[in-house]
>>> print(open('run-v7.txt').read())   # compact mmCIF, C-alpha atoms
# COMPACT_ATOMS: atom_id res chain seq x y z
CA MET U 1 175.05 241.82 82.94
CA TYR U 2 174.04 239.23 80.38
CA LYS U 3 172.28 236.18 81.79
CA ILE U 4 172.03 232.71 80.26
CA THR U 5 169.42 230.32 81.58
CA TYR U 6 170.07 226.70 80.67
CA PHE U 7 170.48 223.14 81.90
CA PRO U 8 173.73 221.98 83.54
CA ILE U 9 175.08 220.61 80.25
CA ARG U 10 176.83 221.96 77.19
CA GLY U 11 173.93 221.34 74.84
CA ARG U 12 172.66 224.30 72.89
CA ALA U 13 174.22 226.91 75.18
CA GLU U 14 177.85 225.94 74.88
CA HIS U 15 178.61 227.86 71.69
CA ILE U 16 177.27 230.98 73.41
CA ARG U 17 179.38 230.39 76.52
CA LEU U 18 182.47 229.85 74.36
CA PHE U 19 181.86 233.17 72.61
CA LEU U 20 181.42 235.11 75.84
CA GLU U 21 184.39 233.42 77.49
CA ASP U 22 186.68 233.97 74.50
CA LEU U 23 185.84 237.66 74.47
CA GLN U 24 185.94 237.88 78.28
CA ILE U 25 182.43 239.25 78.41
CA PRO U 26 180.96 238.77 81.87
CA TYR U 27 177.73 236.84 82.17
CA GLU U 28 175.52 235.30 84.78
CA SER U 29 174.53 231.66 84.53
CA LYS U 30 171.14 230.49 85.78
CA VAL U 31 170.93 226.72 85.92
CA ILE U 32 167.66 224.82 85.63
CA THR U 33 168.19 221.22 86.66
CA PHE U 34 166.43 218.44 84.83
CA GLU U 35 164.49 217.68 88.01
CA GLU U 36 163.19 221.27 88.14
CA TRP U 37 162.46 221.53 84.44
CA GLU U 38 158.90 220.19 84.25
CA SER U 39 157.59 222.52 86.93
CA TYR U 40 159.68 225.47 85.63
CA LYS U 41 158.31 224.87 82.17
CA SER U 42 154.66 224.63 83.20
CA LYS U 43 155.03 227.77 85.31
CA HIS U 44 156.64 229.95 82.62
CA ILE U 45 155.78 228.56 79.19
CA GLY U 46 154.21 231.15 76.90
CA THR U 47 155.50 234.10 78.93
CA LEU U 48 158.41 236.43 78.30
CA GLU U 49 160.58 234.18 80.47
CA LEU U 50 160.03 231.09 78.37
CA PRO U 51 158.17 232.11 75.21
CA PHE U 52 158.41 228.78 73.40
CA GLY U 53 158.97 226.38 76.27
CA GLN U 54 162.63 225.97 75.39
CA LEU U 55 166.05 226.78 76.78
CA PRO U 56 168.50 228.51 76.43
CA ILE U 57 167.01 231.86 77.29
CA PHE U 58 169.23 234.93 77.17
CA GLN U 59 168.67 238.21 78.92
CA ASP U 60 170.26 241.46 77.77
CA GLY U 61 168.70 244.25 79.80
CA ASN U 62 165.02 244.28 78.90
CA LEU U 63 165.50 241.94 75.98
CA GLN U 64 164.68 238.28 76.64
CA LEU U 65 165.68 236.04 73.81
CA ALA U 66 164.94 232.42 72.99
CA GLN U 67 166.60 230.35 70.23
CA SER U 68 170.34 229.81 70.54
CA GLY U 69 170.92 231.01 66.97
CA ALA U 70 169.18 234.29 67.69
CA ILE U 71 171.24 234.71 70.86
CA ALA U 72 174.51 233.98 69.05
CA ARG U 73 173.68 236.41 66.22
CA HIS U 74 172.64 239.16 68.63
CA LEU U 75 175.96 238.84 70.46
CA ALA U 76 177.95 238.64 67.23
CA ARG U 77 176.35 241.87 66.02
CA LYS U 78 176.87 243.66 69.33
CA HIS U 79 180.50 242.61 69.65
CA ASP U 80 181.40 242.91 65.98
CA LYS U 81 182.17 239.24 65.36
CA TYR U 82 179.91 238.73 62.33
CA GLY U 83 182.51 239.57 59.67
CA LYS U 84 182.99 242.93 57.99
CA THR U 85 181.54 242.55 54.51
CA ALA U 86 178.13 241.43 53.30
CA GLU U 87 179.74 238.27 51.98
CA GLU U 88 181.45 237.46 55.29
CA LYS U 89 178.16 237.90 57.15
CA ALA U 90 176.31 235.68 54.68
CA LEU U 91 178.98 232.99 54.87
CA ASN U 92 178.91 233.16 58.67
CA ASP U 93 175.17 232.51 58.57
CA MET U 94 175.65 229.64 56.14
CA LEU U 95 178.40 227.97 58.19
CA PHE U 96 176.51 228.52 61.43
CA ASP U 97 173.43 226.77 60.01
CA MET U 98 175.68 223.99 58.74
CA ALA U 99 177.01 223.56 62.29
CA VAL U 100 173.40 223.32 63.49
CA ASP U 101 172.77 220.59 60.88
CA ILE U 102 175.83 218.64 62.03
CA HIS U 103 174.69 219.06 65.64
CA SER U 104 171.35 217.50 64.63
CA VAL U 105 173.18 214.46 63.26
CA TYR U 106 174.94 214.11 66.62
CA LEU U 107 171.74 214.57 68.63
CA LYS U 108 169.82 212.01 66.59
CA HIS U 109 172.63 209.53 67.27
CA ILE U 110 173.46 210.26 70.90
CA TYR U 111 169.96 209.71 72.22
CA ASP U 112 169.62 206.33 70.48
CA PRO U 113 169.95 203.59 73.16
CA GLN U 114 171.54 201.35 70.51
CA ARG U 115 173.96 203.99 69.34
CA LYS U 116 177.09 201.93 69.95
CA GLN U 117 175.88 199.43 67.33
CA LYS U 118 175.10 202.20 64.87
CA MET U 119 178.42 204.04 64.91
CA ASN U 120 179.03 203.41 61.21
CA THR U 121 175.84 205.13 60.15
CA PHE U 122 176.53 208.07 62.43
CA VAL U 123 180.12 208.48 61.32
CA GLN U 124 179.14 208.25 57.67
CA GLU U 125 176.44 210.88 58.01
CA ALA U 126 178.70 213.22 60.02
CA ARG U 127 181.60 212.76 57.60
CA GLY U 128 179.34 213.52 54.64
CA LYS U 129 178.78 216.97 56.09
CA LEU U 130 182.31 217.48 57.46
CA GLU U 131 183.71 216.76 54.02
CA LEU U 132 181.67 219.56 52.49
CA VAL U 133 182.72 222.00 55.21
CA GLU U 134 186.37 220.97 54.77
CA LYS U 135 186.07 221.67 51.06
CA PHE U 136 184.55 225.06 51.76
CA VAL U 137 187.11 226.19 54.35
CA THR U 138 190.01 224.91 52.23
CA HIS U 139 188.76 226.84 49.22
CA ARG U 140 188.15 229.92 51.35
CA GLY U 141 191.72 229.68 52.60
CA ASN U 142 191.43 231.74 55.77
CA LYS U 143 192.65 230.92 59.24
CA PHE U 144 189.16 230.24 60.59
CA THR U 145 186.00 229.13 58.83
CA VAL U 146 185.15 232.48 57.26
CA CYS U 147 187.69 235.08 58.40
CA ASN U 148 191.22 235.26 59.78
CA GLU U 149 189.91 235.63 63.28
CA PRO U 150 187.04 233.73 64.93
CA THR U 151 183.60 234.97 64.01
CA LEU U 152 180.01 233.80 64.65
CA SER U 153 180.17 230.36 63.06
CA ASP U 154 183.53 229.34 64.54
CA TYR U 155 182.16 228.96 68.06
CA TYR U 156 179.38 226.60 67.03
CA MET U 157 181.56 224.74 64.53
CA PHE U 158 184.20 224.24 67.23
CA GLU U 159 181.67 222.95 69.74
CA VAL U 160 180.16 220.57 67.19
CA MET U 161 183.56 219.21 66.18
CA ASP U 162 184.45 218.81 69.82
CA ILE U 163 181.40 216.71 70.65
CA LEU U 164 181.85 214.60 67.51
CA LEU U 165 185.40 213.85 68.65
CA ARG U 166 184.08 212.71 72.01
CA GLU U 167 182.04 210.08 70.23
CA GLU U 168 184.66 209.13 67.63
CA ASN U 169 188.09 210.54 68.29
CA LYS U 170 189.37 209.94 64.74
CA ILE U 171 186.46 211.64 63.03
CA LEU U 172 188.45 214.71 61.94
CA ASP U 173 191.46 212.75 60.71
CA SER U 174 190.62 213.17 57.02
CA TYR U 175 189.93 216.88 57.46
CA PRO U 176 193.18 218.68 58.19
CA LYS U 177 191.80 222.20 57.87
CA LEU U 178 188.91 221.52 60.25
CA LYS U 179 191.25 219.74 62.64
CA GLU U 180 193.49 222.80 62.63
CA ILE U 181 190.57 225.15 63.29
CA HIS U 182 189.43 222.94 66.17
CA SER U 183 192.91 223.01 67.62
CA GLN U 184 193.31 226.78 67.17
CA MET U 185 190.00 227.44 68.91
CA LYS U 186 190.72 225.02 71.75
CA ASN U 187 194.07 226.66 72.44
CA ARG U 188 192.90 230.26 72.46
CA PRO U 189 193.93 231.37 75.97
CA ASN U 190 190.48 232.35 77.23
CA ILE U 191 188.86 229.26 75.80
CA ALA U 192 191.58 227.00 77.22
CA ALA U 193 191.05 228.61 80.63
CA PHE U 194 187.27 228.17 80.39
CA LEU U 195 187.60 224.50 79.45
CA LYS U 196 189.58 223.91 82.66
CA SER U 197 187.27 225.98 84.86
CA ASP U 198 184.34 224.98 87.03
CA ARG U 199 182.05 227.06 84.82
CA ARG U 200 182.42 224.36 82.21
CA PHE U 201 179.92 221.51 82.23
CA ASP U 202 181.47 218.30 80.99
CA LYS U 203 178.47 216.64 79.35
CA PRO U 204 177.11 217.67 75.96
CA VAL U 205 173.78 215.91 76.67
CA PRO U 206 172.09 214.20 79.65
CA VAL U 207 173.16 210.74 78.53
CA SER U 208 175.32 208.88 81.03
CA ASP U 209 178.08 207.70 78.71
CA ALA U 210 177.99 210.61 76.25
CA MET Q 1 174.33 248.39 38.01
CA SER Q 2 172.09 245.72 36.62
CA HIS Q 3 172.17 242.54 38.55
CA GLU Q 4 169.72 239.79 39.14
CA TYR Q 5 169.51 237.24 41.85
CA GLN Q 6 169.10 233.59 40.86
CA LEU Q 7 167.33 231.15 43.12
CA THR Q 8 167.93 227.45 42.52
CA TYR Q 9 165.47 225.09 44.12
CA PHE Q 10 162.95 222.33 43.46
CA ASN Q 11 159.69 223.24 41.75
CA ILE Q 12 157.93 223.21 45.11
CA ARG Q 13 157.31 225.75 47.85
CA GLY Q 14 159.21 224.06 50.69
CA LEU Q 15 162.31 225.89 51.86
CA GLY Q 16 162.38 228.11 48.81
CA GLU Q 17 159.05 229.76 49.36
CA PRO Q 18 160.01 232.22 52.12
CA ILE Q 19 162.69 233.53 49.75
CA ARG Q 20 160.23 233.90 46.87
CA LEU Q 21 157.75 235.66 49.16
CA LEU Q 22 160.46 238.10 50.25
CA PHE Q 23 161.33 238.88 46.61
CA GLU Q 24 157.71 239.21 45.53
CA ASP Q 25 156.57 241.39 48.42
CA ASN Q 26 159.44 243.81 47.84
CA GLY Q 27 159.38 243.94 44.07
CA ILE Q 28 162.89 242.49 43.82
CA LYS Q 29 163.72 241.02 40.45
CA TYR Q 30 164.90 237.43 40.49
CA LYS Q 31 165.50 234.53 38.15
CA GLU Q 32 164.83 230.94 39.04
CA GLN Q 33 166.31 227.61 38.17
CA ARG Q 34 163.71 225.04 39.19
CA VAL Q 35 165.16 221.57 39.48
CA GLU Q 36 163.16 218.34 39.30
CA ALA Q 37 163.74 215.92 42.16
CA GLY Q 38 165.44 212.68 41.19
CA GLU Q 39 167.84 212.46 38.26
CA GLN Q 40 168.05 216.13 37.42
CA TRP Q 41 168.77 217.04 41.05
CA GLN Q 42 171.47 214.34 41.30
CA LYS Q 43 173.18 215.83 38.26
CA VAL Q 44 172.87 219.43 39.46
CA LYS Q 45 174.12 218.38 42.90
CA GLU Q 46 177.17 216.53 41.58
CA GLU Q 47 178.21 219.34 39.27
CA GLY Q 48 177.36 221.95 41.85
CA VAL Q 49 179.41 220.43 44.67
CA SER Q 50 182.43 220.25 42.32
CA SER Q 51 182.05 223.76 41.02
CA GLY Q 52 181.01 225.36 44.31
CA LYS Q 53 177.74 226.47 42.78
CA VAL Q 54 175.81 224.17 45.11
CA PRO Q 55 177.86 224.46 48.29
CA PHE Q 56 177.01 221.72 50.77
CA GLY Q 57 175.07 219.79 48.12
CA GLN Q 58 171.80 221.37 49.18
CA MET Q 59 169.14 223.66 47.84
CA PRO Q 60 167.93 226.37 47.96
CA VAL Q 61 170.96 228.21 46.63
CA LEU Q 62 171.06 231.91 45.97
CA GLN Q 63 173.43 233.32 43.41
CA ASP Q 64 174.27 236.96 44.12
CA GLY Q 65 176.94 238.05 41.69
CA SER Q 66 179.89 235.72 42.21
CA MET Q 67 178.62 234.45 45.56
CA TYR Q 68 176.71 231.19 45.84
CA LEU Q 69 174.92 230.98 49.13
CA ALA Q 70 173.30 227.87 50.63
CA GLN Q 71 171.03 227.47 53.67
CA SER Q 72 167.63 229.13 53.43
CA GLY Q 73 168.19 231.09 56.67
CA ALA Q 74 171.48 232.48 55.40
CA ILE Q 75 169.80 233.49 52.14
CA LEU Q 76 166.92 235.22 53.92
CA ARG Q 77 169.28 237.09 56.23
CA HIS Q 78 171.58 238.17 53.41
CA LEU Q 79 168.63 239.57 51.45
CA ALA Q 80 167.25 241.13 54.63
CA ARG Q 81 170.50 242.99 55.27
CA LYS Q 82 170.66 244.20 51.67
CA HIS Q 83 167.04 245.27 51.42
CA ASN Q 84 166.40 246.65 54.88
CA LEU Q 85 164.18 243.78 55.99
CA TYR Q 86 165.92 242.99 59.25
CA GLY Q 87 163.97 245.26 61.63
CA ASP Q 88 164.78 248.81 62.71
CA SER Q 89 166.56 248.36 66.03
CA GLU Q 90 168.87 246.01 67.86
CA GLU Q 91 165.86 244.52 69.62
CA GLU Q 92 163.92 244.01 66.39
CA ARG Q 93 166.92 242.36 64.75
CA ALA Q 94 167.23 239.88 67.63
CA LEU Q 95 163.50 239.14 67.60
CA ALA Q 96 163.58 238.69 63.83
CA ASP Q 97 166.21 235.98 64.26
CA MET Q 98 164.20 234.39 67.06
CA MET Q 99 160.94 234.34 65.12
CA ASN Q 100 162.61 233.07 61.94
CA ASP Q 101 163.96 230.15 63.94
CA PHE Q 102 160.51 229.70 65.52
CA ALA Q 103 159.07 229.39 62.01
CA ASN Q 104 161.71 226.71 61.32
CA ASP Q 105 160.52 224.93 64.48
CA LEU Q 106 157.01 224.94 62.99
CA ARG Q 107 158.44 223.33 59.87
CA THR Q 108 160.34 220.48 61.54
CA PRO Q 109 157.42 218.35 62.80
CA TYR Q 110 155.38 219.17 59.67
CA VAL Q 111 158.12 217.91 57.36
CA ARG Q 112 158.77 214.84 59.51
CA MET Q 113 155.09 213.94 59.21
CA ILE Q 114 154.33 214.86 55.61
CA TYR Q 115 157.30 213.03 54.11
CA ASN Q 116 156.49 209.85 56.04
CA ASP Q 117 154.48 207.29 54.10
CA SER Q 118 152.45 206.66 57.26
CA TRP Q 119 151.64 210.35 57.45
CA LYS Q 120 147.92 209.77 57.96
CA GLU Q 121 148.60 207.83 61.15
CA MET Q 122 150.99 210.57 62.31
CA LEU Q 123 148.55 213.36 61.52
CA PRO Q 124 146.58 213.49 64.80
CA GLU Q 125 149.76 213.76 66.88
CA TYR Q 126 151.16 216.38 64.51
CA LEU Q 127 147.97 218.44 64.83
CA GLU Q 128 148.30 218.38 68.63
CA THR Q 129 151.91 219.60 68.34
CA ALA Q 130 150.83 222.28 65.85
CA LYS Q 131 148.10 223.53 68.18
CA LYS Q 132 150.58 223.88 71.05
CA GLN Q 133 152.96 225.79 68.81
CA LEU Q 134 150.21 228.07 67.52
CA GLU Q 135 149.12 228.80 71.07
CA LEU Q 136 152.64 229.98 71.90
CA LEU Q 137 152.69 232.10 68.73
CA GLU Q 138 149.34 233.62 69.73
CA LYS Q 139 150.76 234.57 73.12
CA TYR Q 140 153.86 236.05 71.53
CA LEU Q 141 151.84 238.16 69.07
CA ASN Q 142 149.68 239.36 71.94
CA ARG Q 143 152.71 240.38 74.02
CA ARG Q 144 154.46 242.03 71.12
CA GLY Q 145 151.36 243.92 70.02
CA LYS Q 146 152.62 244.70 66.53
CA PRO Q 147 150.99 244.07 63.15
CA TYR Q 148 153.98 242.08 61.90
CA VAL Q 149 156.10 239.59 63.70
CA VAL Q 150 158.58 242.05 65.15
CA GLY Q 151 157.41 245.51 64.14
CA ASP Q 152 155.28 247.78 62.07
CA LYS Q 153 156.44 246.39 58.76
CA PRO Q 154 157.43 242.94 57.54
CA CYS Q 155 160.93 241.59 58.07
CA PHE Q 156 162.49 238.43 56.65
CA ALA Q 157 161.02 236.29 59.44
CA ASP Q 158 157.49 237.23 58.37
CA TYR Q 159 158.00 235.49 55.03
CA ASN Q 160 159.17 232.28 56.67
CA LEU Q 161 156.26 232.41 59.11
CA LEU Q 162 153.73 233.11 56.34
CA ALA Q 163 155.02 230.19 54.28
CA MET Q 164 154.61 227.82 57.26
CA LEU Q 165 151.20 229.11 58.30
CA ASP Q 166 150.10 228.61 54.72
CA CYS Q 167 151.29 224.98 54.79
CA MET Q 168 149.42 224.42 58.00
CA HIS Q 169 146.27 226.11 56.67
CA ARG Q 170 146.39 224.02 53.53
CA LEU Q 171 146.74 220.85 55.58
CA LYS Q 172 143.70 221.65 57.71
CA GLU Q 173 141.61 224.66 56.78
CA ASP Q 174 140.40 225.47 60.28
CA LEU Q 175 143.73 224.81 62.04
CA LEU Q 176 144.43 228.52 62.64
CA ASP Q 177 140.84 229.46 63.55
CA PRO Q 178 141.09 229.15 67.34
CA PHE Q 179 144.02 231.58 67.33
CA GLU Q 180 142.63 235.05 66.73
CA LEU Q 181 145.85 237.03 66.36
CA VAL Q 182 147.56 234.29 64.34
CA ASN Q 183 144.58 234.17 62.01
CA LYS Q 184 144.51 237.95 61.60
CA TYR Q 185 148.28 238.00 61.02
CA TYR Q 186 148.00 235.28 58.38
CA GLY Q 187 145.28 237.23 56.56
CA ARG Q 188 147.22 240.49 56.83
CA MET Q 189 150.33 238.94 55.28
CA LYS Q 190 148.52 237.04 52.58
CA GLN Q 191 146.47 240.07 51.55
CA ARG Q 192 149.42 242.41 51.05
CA PRO Q 193 148.80 243.38 47.40
CA PRO Q 194 152.05 242.02 45.92
CA LEU Q 195 151.60 238.74 47.82
CA ALA Q 196 147.92 238.43 46.98
CA ALA Q 197 148.88 238.83 43.33
CA TYR Q 198 151.71 236.31 43.67
CA PHE Q 199 149.45 233.70 45.27
CA GLN Q 200 147.10 234.05 42.27
CA SER Q 201 149.88 233.98 39.71
CA ASN Q 202 151.42 231.08 37.82
CA ARG Q 203 154.81 231.79 39.43
CA ILE Q 204 153.88 230.18 42.72
CA PRO Q 205 154.65 226.43 42.72
CA GLN Q 206 151.52 224.37 43.01
CA LYS Q 207 153.24 221.69 45.06
CA ILE Q 208 154.31 222.47 48.59
CA ASN Q 209 156.45 219.36 49.11
CA ASN Q 210 158.34 216.76 47.11
CA VAL Q 211 155.57 214.29 47.95
CA PRO Q 212 152.02 214.37 46.52
CA ARG Q 213 150.45 215.71 49.69
CA GLY Q 214 150.38 218.81 51.84
>>> encode(input="run-v7.txt", output="structure tokens")
Amino acid sequence: MYKITYFPIRGRAEHIRLFLEDLQIPYESKVITFEEWESYKSKHIGTLELPFGQLPIFQDGNLQLAQSGAIARHLARKHDKYGKTAEEKALNDMLFDMAVDIHSVYLKHIYDPQRKQKMNTFVQEARGKLELVEKFVTHRGNKFTVCNEPTLSDYYMFEVMDILLREENKILDSYPKLKEIHSQMKNRPNIAAFLKSDRRFDKPVPVSDA
Amino acid sequence: MSHEYQLTYFNIRGLGEPIRLLFEDNGIKYKEQRVEAGEQWQKVKEEGVSSGKVPFGQMPVLQDGSMYLAQSGAILRHLARKHNLYGDSEEERALADMMNDFANDLRTPYVRMIYNDSWKEMLPEYLETAKKQLELLEKYLNRRGKPYVVGDKPCFADYNLLAMLDCMHRLKEDLLDPFELVNKYYGRMKQRPPLAAYFQSNRIPQKINNVPRG
């Protein structure tokens, strides 16, 4: 059985959980609390269990993987959710990396103790990127970001849109196509069930009002 | 079928260099549009966002036929799939992704430091971070026990890693020295005949970054 090791938050593991849940692929979840982290890290850093001192870590049989992008791509390849053509695969990579970039905008903002006073800057930066993605998906004209069914990038893009909405609930209002994709993903039966379950951690990051 | 890739990027190494290294090492023909930072880039960006030729308003961009691809990782992976540079097994493919993203993690603190006008004050802390990262790379290479980052021949991640190790070496000549396997790996990559020739050629950008340092 697959195993994900991560903190008790959404963070960088959520897009992986969403993928596995949507496809009803069983997985084990090993939780490292923030209190345990320092000692876990010093014990395992630089070994197969924690090669770069970072979580998430993913185990698939003998393969131990770090880097959430590597984990997501490995799963997408194994479960044929990377797109069919060379172009679809390339566009999935491009959109996935764009989701990572948008996530970085969120992370830079959310950890700022003065973030409530800097909402304008955050929204502007996020919207700058959302606008470009909206343009791309509109031009592409498919049901999801790249294809007519969810593929690699949709899970991360959905998660990123979802956490942006938590911070500013009108942030997708100018982006009808993205709003639709967010809604479609959220209402997929297995995802909807996961979001209501006790496997779902509420917080994107360990910030009390995030 | 005659077809040539076109890479559009600044006239620096930066995020474009891993792509150039991949082309050069594999004898893949490519054209380049090198764009000057500032006014020329603003113009190319504006036109490109409208036309779709610079999706997401960022470079590097790879043109492959009618497809315009942004994001350096997406470009490397696309080329890797086309030219059999993505490892030879499911495991190698996963590790290639992991090590490519590790190379990006090497880049992040470097770029944050080098583009900062107070870079000299930031340098000692950056060097401490770099040493910790290189130590983890050393341990990985030791565990993996292969001449290249995932296997017996280079994959796309090797070009990203080489580009970053070269930046770090250029910043401080003895930075890699304490790390035996990293140092050997760096030499092995750099001395591959097509890459050795490329490093000596006038095709390689002289500037690494869009600032006069590094």
>>> interface_residues(input="run-v7.txt", of="chain Q", to="chain U", cutoff="10 Å", atoms="all atoms listed in the file", output="ChimeraX atom specification")
/Q:49-50,52,55-57,64,67-79,81-82,90-102,105,132-133,135-140,143-144
>>> residues_around(input="run-v7.txt", residues="Arg199 (chain U)", least_positions_apart="6", cutoff="12 Å", atoms="all atoms listed in the file", output="ChimeraX atom specification")
/U:8-10,14,17-18,21,27-31,191,193
>>> atom_distance(input="run-v7.txt", atom1="CA of Gln63 (chain Q)", atom2="CA of Gln6 (chain Q)")
5.0 Å
>>> residues_around(input="run-v7.txt", residues="region 35-47 of chain Q", least_positions_apart="5", cutoff="8 Å", atoms="all atoms listed in the file", output="ChimeraX atom specification")
/Q:8-11,53-54,57-58,210
>>> closest_residue(input="run-v7.txt", among="U:Trp37, U:Tyr156, U:Tyr2, U:Phe201", to="His103 (chain U)", atoms="all atoms listed in the file")
U:Tyr156
>>> residues_around(input="run-v7.txt", residues="Tyr185 (chain Q)", least_positions_apart="2", cutoff="10 Å", atoms="all atoms listed in the file", output="list of chain:residue names")
Q:Glu138, Q:Leu141, Q:Lys146, Q:Pro147, Q:Tyr148, Q:Val149, Q:Asp158, Q:Leu161, Q:Leu162, Q:Leu165, Q:Phe179, Q:Glu180, Q:Leu181, Q:Val182, Q:Asn183, Q:Gly187, Q:Arg188, Q:Met189, Q:Lys190, Q:Gln191
>>> atom_distance(input="run-v7.txt", atom1="CA of Val205 (chain U)", atom2="CA of Gly11 (chain U)")
5.7 Å
>>> atom_distance(input="run-v7.txt", atom1="CA of Met122 (chain Q)", atom2="CA of Asp166 (chain Q)")
19.6 Å
>>> closest_residue(input="run-v7.txt", among="Q:His169, Q:Asn160, Q:Gly87, Q:Gly65", to="Ala130 (chain Q)", atoms="only C-alpha atoms")
Q:His169
>>> closest_residue(input="run-v7.txt", among="U:Asn190, U:Gln59, U:Gln114, U:Gln184", to="Gln24 (chain U)", atoms="all atoms listed in the file")
U:Asn190
>>> closest_residue(input="run-v7.txt", among="U:Glu88, U:Glu125, U:Asp202, U:Glu38", to="Arg166 (chain U)", atoms="all atoms listed in the file")
U:Asp202
>>> closest_residue(input="run-v7.txt", among="U:Ile171, U:Leu164, U:Ala13, U:Met1", to="Arg200 (chain U)", atoms="all atoms listed in the file")
U:Ala13
>>> residues_around(input="run-v7.txt", residues="Arg112 (chain Q)", least_positions_apart="5", cutoff="10 Å", atoms="all atoms listed in the file", output="list in words")
Arg107, Trp119, Met122 and Tyr126 of chain Q
>>> build_atoms(input="run-v7.txt", residues="region 131-136 of chain Q", atoms="all heavy atoms", output="PDB file, keeping the file's coordinate frame")
ATOM      1  N   LYS Q 131     148.970 222.683  67.345  1.00  0.00           N
ATOM      2  CA  LYS Q 131     148.100 223.530  68.180  1.00  0.00           C
ATOM      3  C   LYS Q 131     148.889 224.147  69.323  1.00  0.00           C
ATOM      4  O   LYS Q 131     148.710 225.321  69.646  1.00  0.00           O
ATOM      5  CB  LYS Q 131     146.934 222.713  68.751  1.00  0.00           C
ATOM      6  CG  LYS Q 131     145.831 222.484  67.760  1.00  0.00           C
ATOM      7  CD  LYS Q 131     144.571 221.870  68.384  1.00  0.00           C
ATOM      8  CE  LYS Q 131     143.689 221.251  67.320  1.00  0.00           C
ATOM      9  NZ  LYS Q 131     143.353 219.847  67.607  1.00  0.00           N
ATOM     10  N   LYS Q 132     149.770 223.354  69.949  1.00  0.00           N
ATOM     11  CA  LYS Q 132     150.580 223.880  71.050  1.00  0.00           C
ATOM     12  C   LYS Q 132     151.505 224.993  70.557  1.00  0.00           C
ATOM     13  O   LYS Q 132     151.671 226.012  71.216  1.00  0.00           O
ATOM     14  CB  LYS Q 132     151.420 222.766  71.692  1.00  0.00           C
ATOM     15  CG  LYS Q 132     150.606 221.748  72.445  1.00  0.00           C
ATOM     16  CD  LYS Q 132     151.483 220.852  73.333  1.00  0.00           C
ATOM     17  CE  LYS Q 132     150.639 219.787  74.011  1.00  0.00           C
ATOM     18  NZ  LYS Q 132     151.064 218.419  73.639  1.00  0.00           N
ATOM     19  N   GLN Q 133     152.069 224.781  69.364  1.00  0.00           N
ATOM     20  CA  GLN Q 133     152.960 225.790  68.810  1.00  0.00           C
ATOM     21  C   GLN Q 133     152.200 227.066  68.470  1.00  0.00           C
ATOM     22  O   GLN Q 133     152.661 228.186  68.732  1.00  0.00           O
ATOM     23  CB  GLN Q 133     153.643 225.252  67.544  1.00  0.00           C
ATOM     24  CG  GLN Q 133     154.613 224.120  67.813  1.00  0.00           C
ATOM     25  CD  GLN Q 133     155.220 223.577  66.536  1.00  0.00           C
ATOM     26  OE1 GLN Q 133     154.536 223.315  65.544  1.00  0.00           O
ATOM     27  NE2 GLN Q 133     156.536 223.384  66.531  1.00  0.00           N
ATOM     28  N   LEU Q 134     151.001 226.901  67.899  1.00  0.00           N
ATOM     29  CA  LEU Q 134     150.210 228.070  67.520  1.00  0.00           C
ATOM     30  C   LEU Q 134     149.753 228.850  68.742  1.00  0.00           C
ATOM     31  O   LEU Q 134     149.667 230.085  68.718  1.00  0.00           O
ATOM     32  CB  LEU Q 134     149.008 227.630  66.668  1.00  0.00           C
ATOM     33  CG  LEU Q 134     149.369 227.122  65.274  1.00  0.00           C
ATOM     34  CD1 LEU Q 134     148.156 226.495  64.587  1.00  0.00           C
ATOM     35  CD2 LEU Q 134     149.952 228.234  64.401  1.00  0.00           C
ATOM     36  N   GLU Q 135     149.500 228.140  69.822  1.00  0.00           N
ATOM     37  CA  GLU Q 135     149.120 228.800  71.070  1.00  0.00           C
ATOM     38  C   GLU Q 135     150.248 229.687  71.568  1.00  0.00           C
ATOM     39  O   GLU Q 135     150.012 230.808  72.034  1.00  0.00           O
ATOM     40  CB  GLU Q 135     148.824 227.711  72.094  1.00  0.00           C
ATOM     41  CG  GLU Q 135     147.914 228.127  73.219  1.00  0.00           C
ATOM     42  CD  GLU Q 135     147.551 226.913  74.067  1.00  0.00           C
ATOM     43  OE1 GLU Q 135     146.705 226.129  73.597  1.00  0.00           O
ATOM     44  OE2 GLU Q 135     148.142 226.759  75.148  1.00  0.00           O
ATOM     45  N   LEU Q 136     151.486 229.196  71.464  1.00  0.00           N
ATOM     46  CA  LEU Q 136     152.640 229.980  71.900  1.00  0.00           C
ATOM     47  C   LEU Q 136     152.854 231.181  70.976  1.00  0.00           C
ATOM     48  O   LEU Q 136     153.222 232.263  71.434  1.00  0.00           O
ATOM     49  CB  LEU Q 136     153.900 229.106  71.945  1.00  0.00           C
ATOM     50  CG  LEU Q 136     153.867 228.002  73.008  1.00  0.00           C
ATOM     51  CD1 LEU Q 136     155.110 227.124  72.915  1.00  0.00           C
ATOM     52  CD2 LEU Q 136     153.727 228.572  74.406  1.00  0.00           C
TER      53      LEU Q 136
END
